[in-house]
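Report on the following structure.
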Amino acid sequence: MDRNNRVLGVVAVKYNLSDDPFIYFTHAFLTDPHGVIFLSSRSENVLKSLWLVDDTTLQRLRASRQFGDAPLTALMAKEPSDGEKVGFTGGTFYVSRNFVDRDRWSLLLFSSTRPIYEYRLFGIGITMLICVVVLVFSVASRQRGTCLESSPPLLSMMS
């Protein structure tokens with residue numbers, strides 16, 4: 001800026017981010033404070049909005065041309081919170097959200113709840129199987145005990 005506070009020039013620093021680490025996740029996102037997706041595990045989600053942006057902010061973002069002509073269509077109705085369970089793309093997911101900086105850029109990972117239900121069902125099945133085995137052994141040992149009590153002693157049979 002000059003002495004009259006007129007802008008003489010602008011310096012920008014660009015850094016190429018790679019989405020390589022994101023390929024290991026089904027749903028991973030790096031978003032700006034408004035929810036605009038910069039990196040994603042699915043390339044078709046880049047430059048969309050993860051959550052619905054209010055009209056005023058959307059107009060301001062479009063006017064700034066920061067994202068070019070990107071439609072900024074929302075993938076979700078509301079902003080997800082860390083630890084929240086959300087519906088997304090026909091499934092249910094737990095959200096892990098970490099803010100990258102104080103400007104509220106964030107990294108979001110959606111983990112499917114399906115394995116949790118599968119493990120729970122497996123645990124219930126194993127518990128039921130153990131209960132059935134214990135019940136069968138209990139009944140069998142009682143039956144055996146009843147049979148032994150009703151039979152004559154071996155010594156009395158020999159005399």
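By order of appearance in the structure tokens: chains A, B, ..., then residues from 1 within every chain, and ligands from 1 in the order shown.
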
Hey, what does DSSP flag as helix (DSSP H, G or I) within chain A? Can you give it to me as a PyMOL selection string?
chain A and resi 20-24+43-45+55-64+114-150+154-158

Per residue of segment 12-37 of chain A within 12 Å of segment 56-79 of chain A, note the shortest atom pair and the distance in Å to one decimal, counting only C-alpha atoms, and order the rows by chain and increasing residue number, as JSON lines.
```
{"residue": "A:His27", "atom": "CA", "partner": "A:Leu75", "partner_atom": "CA", "distance": 11.9}
{"residue": "A:Phe29", "atom": "CA", "partner": "A:Leu75", "partner_atom": "CA", "distance": 11.7}
{"residue": "A:Thr31", "atom": "CA", "partner": "A:Glu79", "partner_atom": "CA", "distance": 11.1}
{"residue": "A:Asp32", "atom": "CA", "partner": "A:Phe67", "partner_atom": "CA", "distance": 11.4}
{"residue": "A:Pro33", "atom": "CA", "partner": "A:Glu79", "partner_atom": "CA", "distance": 10.4}
{"residue": "A:His34", "atom": "CA", "partner": "A:Thr57", "partner_atom": "CA", "distance": 8.0}
{"residue": "A:Gly35", "atom": "CA", "partner": "A:Glu79", "partner_atom": "CA", "distance": 7.7}
{"residue": "A:Val36", "atom": "CA", "partner": "A:Leu72", "partner_atom": "CA", "distance": 7.0}
{"residue": "A:Ile37", "atom": "CA", "partner": "A:Leu72", "partner_atom": "CA", "distance": 8.8}
```

Hey, what does DSSP flag as strand (DSSP E) within chain A? Can you give it to me as a PDB file with N, CA and C atoms, in the first residue's frame?
```
ATOM      1  N   HIS A  27     -15.504 -41.317   3.227  1.00  0.00           N
ATOM      2  CA  HIS A  27     -15.997 -39.934   3.234  1.00  0.00           C
ATOM      3  C   HIS A  27     -15.078 -39.084   4.106  1.00  0.00           C
ATOM      4  N   ALA A  28     -14.183 -38.332   3.465  1.00  0.00           N
ATOM      5  CA  ALA A  28     -13.280 -37.419   4.166  1.00  0.00           C
ATOM      6  C   ALA A  28     -13.303 -36.076   3.441  1.00  0.00           C
ATOM      7  N   PHE A  29     -13.287 -35.002   4.215  1.00  0.00           N
ATOM      8  CA  PHE A  29     -13.420 -33.668   3.630  1.00  0.00           C
ATOM      9  C   PHE A  29     -12.512 -32.666   4.337  1.00  0.00           C
ATOM     10  N   LEU A  30     -11.936 -31.756   3.562  1.00  0.00           N
ATOM     11  CA  LEU A  30     -11.290 -30.569   4.101  1.00  0.00           C
ATOM     12  C   LEU A  30     -12.150 -29.404   3.634  1.00  0.00           C
ATOM     13  N   THR A  31     -12.711 -28.666   4.599  1.00  0.00           N
ATOM     14  CA  THR A  31     -13.651 -27.595   4.248  1.00  0.00           C
ATOM     15  C   THR A  31     -13.173 -26.247   4.763  1.00  0.00           C
ATOM     16  N   ILE A  37     -16.054 -27.518   0.180  1.00  0.00           N
ATOM     17  CA  ILE A  37     -15.117 -28.642   0.192  1.00  0.00           C
ATOM     18  C   ILE A  37     -13.945 -28.351  -0.743  1.00  0.00           C
ATOM     19  N   PHE A  38     -12.731 -28.346  -0.175  1.00  0.00           N
ATOM     20  CA  PHE A  38     -11.515 -28.151  -0.958  1.00  0.00           C
ATOM     21  C   PHE A  38     -10.880 -29.463  -1.359  1.00  0.00           C
ATOM     22  N   LEU A  39     -10.876 -30.417  -0.449  1.00  0.00           N
ATOM     23  CA  LEU A  39     -10.362 -31.754  -0.723  1.00  0.00           C
ATOM     24  C   LEU A  39     -11.389 -32.756  -0.240  1.00  0.00           C
ATOM     25  N   SER A  40     -11.470 -33.869  -0.957  1.00  0.00           N
ATOM     26  CA  SER A  40     -12.421 -34.898  -0.585  1.00  0.00           C
ATOM     27  C   SER A  40     -11.907 -36.257  -1.039  1.00  0.00           C
ATOM     28  N   SER A  49     -20.666 -27.586  -1.318  1.00  0.00           N
ATOM     29  CA  SER A  49     -20.741 -27.232   0.092  1.00  0.00           C
ATOM     30  C   SER A  49     -21.159 -28.480   0.867  1.00  0.00           C
ATOM     31  N   LEU A  50     -20.458 -28.774   1.939  1.00  0.00           N
ATOM     32  CA  LEU A  50     -20.810 -29.952   2.724  1.00  0.00           C
ATOM     33  C   LEU A  50     -22.151 -29.744   3.416  1.00  0.00           C
ATOM     34  N   TRP A  51     -22.390 -28.534   3.909  1.00  0.00           N
ATOM     35  CA  TRP A  51     -23.677 -28.228   4.531  1.00  0.00           C
ATOM     36  C   TRP A  51     -24.279 -26.995   3.881  1.00  0.00           C
ATOM     37  N   ALA A  74     -25.244 -27.930  -1.712  1.00  0.00           N
ATOM     38  CA  ALA A  74     -25.052 -28.529  -0.382  1.00  0.00           C
ATOM     39  C   ALA A  74     -25.302 -30.034  -0.410  1.00  0.00           C
ATOM     40  N   LEU A  75     -24.435 -30.772   0.284  1.00  0.00           N
ATOM     41  CA  LEU A  75     -24.594 -32.215   0.393  1.00  0.00           C
ATOM     42  C   LEU A  75     -25.402 -32.608   1.633  1.00  0.00           C
ATOM     43  N   MET A  76     -25.461 -31.692   2.617  1.00  0.00           N
ATOM     44  CA  MET A  76     -26.204 -31.943   3.861  1.00  0.00           C
ATOM     45  C   MET A  76     -27.021 -30.709   4.214  1.00  0.00           C
ATOM     46  N   LYS A  85     -24.001 -38.214  15.096  1.00  0.00           N
ATOM     47  CA  LYS A  85     -24.396 -39.281  14.180  1.00  0.00           C
ATOM     48  C   LYS A  85     -25.269 -38.636  13.107  1.00  0.00           C
ATOM     49  N   VAL A  86     -24.878 -38.808  11.822  1.00  0.00           N
ATOM     50  CA  VAL A  86     -25.590 -38.141  10.728  1.00  0.00           C
ATOM     51  C   VAL A  86     -25.966 -39.138   9.635  1.00  0.00           C
ATOM     52  N   GLY A  87     -27.005 -38.785   8.911  1.00  0.00           N
ATOM     53  CA  GLY A  87     -27.376 -39.530   7.714  1.00  0.00           C
ATOM     54  C   GLY A  87     -26.696 -38.880   6.524  1.00  0.00           C
ATOM     55  N   PHE A  88     -26.056 -39.708   5.699  1.00  0.00           N
ATOM     56  CA  PHE A  88     -25.339 -39.165   4.540  1.00  0.00           C
ATOM     57  C   PHE A  88     -25.275 -40.231   3.461  1.00  0.00           C
ATOM     58  N   GLY A  91     -26.581 -43.724   4.190  1.00  0.00           N
ATOM     59  CA  GLY A  91     -26.036 -44.475   5.326  1.00  0.00           C
ATOM     60  C   GLY A  91     -26.016 -43.617   6.575  1.00  0.00           C
ATOM     61  N   THR A  92     -25.640 -44.240   7.679  1.00  0.00           N
ATOM     62  CA  THR A  92     -25.516 -43.526   8.942  1.00  0.00           C
ATOM     63  C   THR A  92     -24.048 -43.522   9.340  1.00  0.00           C
ATOM     64  N   PHE A  93     -23.553 -42.348   9.727  1.00  0.00           N
ATOM     65  CA  PHE A  93     -22.128 -42.173  10.009  1.00  0.00           C
ATOM     66  C   PHE A  93     -21.919 -41.379  11.293  1.00  0.00           C
ATOM     67  N   TYR A  94     -20.788 -41.672  11.964  1.00  0.00           N
ATOM     68  CA  TYR A  94     -20.328 -40.837  13.070  1.00  0.00           C
ATOM     69  C   TYR A  94     -19.333 -39.837  12.500  1.00  0.00           C
ATOM     70  N   VAL A  95     -19.423 -38.592  12.952  1.00  0.00           N
ATOM     71  CA  VAL A  95     -18.578 -37.516  12.453  1.00  0.00           C
ATOM     72  C   VAL A  95     -17.399 -37.300  13.397  1.00  0.00           C
ATOM     73  N   SER A  96     -16.214 -37.264  12.813  1.00  0.00           N
ATOM     74  CA  SER A  96     -15.016 -36.820  13.535  1.00  0.00           C
ATOM     75  C   SER A  96     -14.602 -35.514  12.873  1.00  0.00           C
ATOM     76  N   ARG A  97     -14.645 -34.431  13.641  1.00  0.00           N
ATOM     77  CA  ARG A  97     -14.333 -33.119  13.066  1.00  0.00           C
ATOM     78  C   ARG A  97     -13.244 -32.452  13.884  1.00  0.00           C
ATOM     79  N   ASN A  98     -12.198 -32.029  13.196  1.00  0.00           N
ATOM     80  CA  ASN A  98     -11.092 -31.316  13.827  1.00  0.00           C
ATOM     81  C   ASN A  98     -10.859 -30.014  13.078  1.00  0.00           C
ATOM     82  N   PHE A  99     -10.757 -28.930  13.846  1.00  0.00           N
ATOM     83  CA  PHE A  99     -10.488 -27.639  13.233  1.00  0.00           C
ATOM     84  C   PHE A  99      -8.986 -27.517  13.002  1.00  0.00           C
ATOM     85  N   SER A 106     -11.754 -27.000   8.546  1.00  0.00           N
ATOM     86  CA  SER A 106     -11.868 -28.239   9.294  1.00  0.00           C
ATOM     87  C   SER A 106     -11.688 -29.482   8.441  1.00  0.00           C
ATOM     88  N   LEU A 107     -11.243 -30.517   9.110  1.00  0.00           N
ATOM     89  CA  LEU A 107     -11.085 -31.836   8.528  1.00  0.00           C
ATOM     90  C   LEU A 107     -12.190 -32.691   9.116  1.00  0.00           C
ATOM     91  N   LEU A 108     -13.011 -33.285   8.242  1.00  0.00           N
ATOM     92  CA  LEU A 108     -14.119 -34.112   8.694  1.00  0.00           C
ATOM     93  C   LEU A 108     -13.978 -35.519   8.129  1.00  0.00           C
ATOM     94  N   LEU A 109     -14.158 -36.504   8.991  1.00  0.00           N
ATOM     95  CA  LEU A 109     -14.166 -37.904   8.587  1.00  0.00           C
ATOM     96  C   LEU A 109     -15.497 -38.498   9.007  1.00  0.00           C
ATOM     97  N   PHE A 110     -16.152 -39.177   8.088  1.00  0.00           N
ATOM     98  CA  PHE A 110     -17.414 -39.844   8.389  1.00  0.00           C
ATOM     99  C   PHE A 110     -17.130 -41.340   8.476  1.00  0.00           C
ATOM    100  N   SER A 111     -17.390 -41.933   9.628  1.00  0.00           N
ATOM    101  CA  SER A 111     -17.169 -43.362   9.847  1.00  0.00           C
ATOM    102  C   SER A 111     -18.515 -44.064   9.914  1.00  0.00           C
ATOM    103  N   SER A 112     -18.670 -45.107   9.143  1.00  0.00           N
ATOM    104  CA  SER A 112     -19.931 -45.838   9.089  1.00  0.00           C
ATOM    105  C   SER A 112     -20.260 -46.472  10.433  1.00  0.00           C
TER     106      SER A 112
END
```
